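Source file: run-v2.txt; contents: compact mmCIF, C-alpha atoms.
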# COMPACT_ATOMS: atom_id res chain seq x y z
CA MET A 21 0.00 0.00 0.00
CA VAL A 22 1.27 3.46 -0.96
CA ILE A 23 0.54 6.51 1.18
CA SER A 24 0.98 10.06 -0.05
CA GLY A 25 0.59 13.50 1.44
CA VAL A 26 -1.06 15.79 -1.08
CA LEU A 27 -1.83 19.49 -1.43
CA PHE A 28 -4.88 20.38 -3.52
CA GLU A 29 -4.98 23.90 -4.96
CA THR A 30 -8.51 25.07 -5.77
CA ILE A 31 -10.12 28.15 -7.22
CA PRO A 32 -10.04 30.80 -4.44
CA GLY A 33 -12.97 30.44 -2.08
CA ARG A 34 -13.86 26.91 -3.24
CA ALA A 35 -11.76 24.71 -0.92
CA GLY A 36 -14.74 23.86 1.30
CA ALA A 37 -16.98 22.78 -1.57
CA VAL A 38 -14.18 20.71 -3.12
CA ALA A 39 -13.41 19.08 0.26
CA ILE A 40 -17.02 17.92 0.55
CA ARG A 41 -16.83 16.22 -2.85
CA LEU A 42 -13.39 14.69 -2.18
CA ALA A 43 -14.57 13.24 1.14
CA HIS A 44 -16.42 10.53 -0.81
CA ILE A 45 -13.27 9.11 -2.42
CA ASP A 46 -12.06 5.85 -0.86
CA GLY A 47 -8.54 6.15 0.50
CA LEU A 48 -8.54 9.98 0.51
CA GLU A 49 -8.67 11.78 3.86
CA ILE A 50 -8.80 15.57 4.04
CA THR A 51 -6.59 16.62 6.95
CA GLY A 52 -6.67 20.41 6.74
CA THR A 53 -7.48 23.56 4.82
CA ASP A 54 -6.58 27.21 4.74
CA GLY A 55 -10.30 27.95 4.36
CA ASP A 56 -9.82 29.48 0.93
CA SER A 57 -7.96 27.62 -1.82
CA LYS A 58 -5.79 24.90 -0.30
CA LEU A 59 -6.58 21.44 1.06
CA ALA A 60 -4.14 19.04 2.71
CA ALA A 61 -4.88 15.34 2.42
CA VAL A 62 -3.51 11.86 2.96
CA TRP A 63 -4.15 9.56 0.03
CA ARG A 64 -3.75 5.78 0.12
CA GLY A 65 -3.77 3.35 -2.80
CA LYS A 66 -2.45 -0.03 -3.87
CA ASP A 67 0.45 1.58 -5.79
CA GLY A 68 1.74 4.87 -7.10
CA ARG A 69 0.26 4.36 -10.56
CA GLU A 70 -3.24 4.04 -9.09
CA LEU A 71 -2.87 7.33 -7.20
CA GLU A 72 -1.44 9.03 -10.27
CA GLN A 73 -4.38 7.88 -12.41
CA GLN A 74 -6.91 9.00 -9.79
CA ALA A 75 -5.22 12.42 -9.64
CA GLU A 76 -5.35 12.75 -13.43
CA ASN A 77 -9.04 11.82 -13.41
CA LEU A 78 -9.79 14.39 -10.71
CA LEU A 79 -8.02 17.14 -12.63
CA LYS A 80 -10.16 16.33 -15.68
CA SER A 81 -13.48 16.07 -13.83
CA GLU A 82 -13.17 18.68 -11.06
CA THR A 83 -12.89 22.09 -12.72
CA GLU A 84 -12.43 23.80 -9.33
CA ILE A 85 -9.17 21.88 -8.67
CA LEU A 86 -6.27 23.76 -10.24
CA GLY A 87 -3.47 21.42 -9.14
CA ILE A 88 -2.59 18.37 -7.07
CA TYR A 89 0.88 18.38 -5.52
CA PRO A 90 2.40 15.44 -3.62
CA THR A 91 4.37 16.38 -0.50
CA PHE A 92 5.56 12.90 0.47
CA VAL A 93 5.17 9.33 -0.76
CA GLY A 94 5.83 6.19 1.25
CA ARG A 95 4.67 2.65 1.92
CA GLU A 96 2.50 1.42 4.76
Would you write out, as structure tokens, the structure that this file holds?
Amino acid sequence: MVISGVLFETIPGRAGAVAIRLAHIDGLEITGTDGDSKLAAVWRGKDGRELEQQAENLLKSETEILGIYPTFVGRE
């Protein structure tokens, strides 16, 4: 199992709305926000490729997410 710390950058003022939608994704736990445009999360998946694919899909489907930036990657 791969675990990654991730920073989501959203359109200003939309972090809360995005967090609500992201909360339904298995393996993704929102751990903090600046209350405006940034969300911190811990994301778990079977491997790095799975997390990368999920991130690409989110960027395509969630127009309020401007970027997804990993801060650390490790194994559980």
Per residue of segment 30-62 of chain A within 8 Å of segment 74-86 of chain A, what are the shortest atom pair and its distance in Å to one decimal, counting all atoms listed in the file, with rows by chain and residue number, as JSON lines?
{"residue": "A:Thr30", "atom": "CA", "partner": "A:Ile85", "partner_atom": "CA", "distance": 4.4}
{"residue": "A:Ile31", "atom": "CA", "partner": "A:Glu84", "partner_atom": "CA", "distance": 5.4}
{"residue": "A:Arg34", "atom": "CA", "partner": "A:Glu84", "partner_atom": "CA", "distance": 7.0}
{"residue": "A:Val38", "atom": "CA", "partner": "A:Glu84", "partner_atom": "CA", "distance": 7.2}
Could you give me the centre and size, in Å to one decimal, of an axis-aligned box around all listed atoms of segment 27-32 of chain A with 6 Å added on every side, as AutoDock Vina command-line options?
--center_x -6.0 --center_y 25.1 --center_z -4.3 --size_x 20.3 --size_y 23.3 --size_z 17.8
Fill in: Separation of atom CA of Ala43 of chain A from atom CA of Lys66 of chain A in Å
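These two atoms are separated by 18.7 Å.
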Practice prompt. Mind listing whatever residues come within 12 Å of the point (1.1, 7.2, 0.1)? Use all atoms listed in the file, file coordinates, and give them as number ranges by chain.
Written response: A: 21-26, 47-49, 61-72, 90-96
Item to complete: Quick one: pull the distance between atom CA of Leu27 of chain A and atom CA of Thr53 of chain A, Å, one decimal.
Response: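 Between these atoms lies a distance of 9.4 Å.
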Worksheet item: How far is it from atom CA of Gly87 of chain A to atom CA of Ile45 of chain A, in Å with one decimal?
Response: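 Distance reported for this atom pair: 17.1 Å.
Shortest separation to Glu29 of chain A among A:Lys58, A:Tyr89, A:Ile50, A:Arg41 occurs at residue A:Lys58, atoms counted being all atoms listed in the file.
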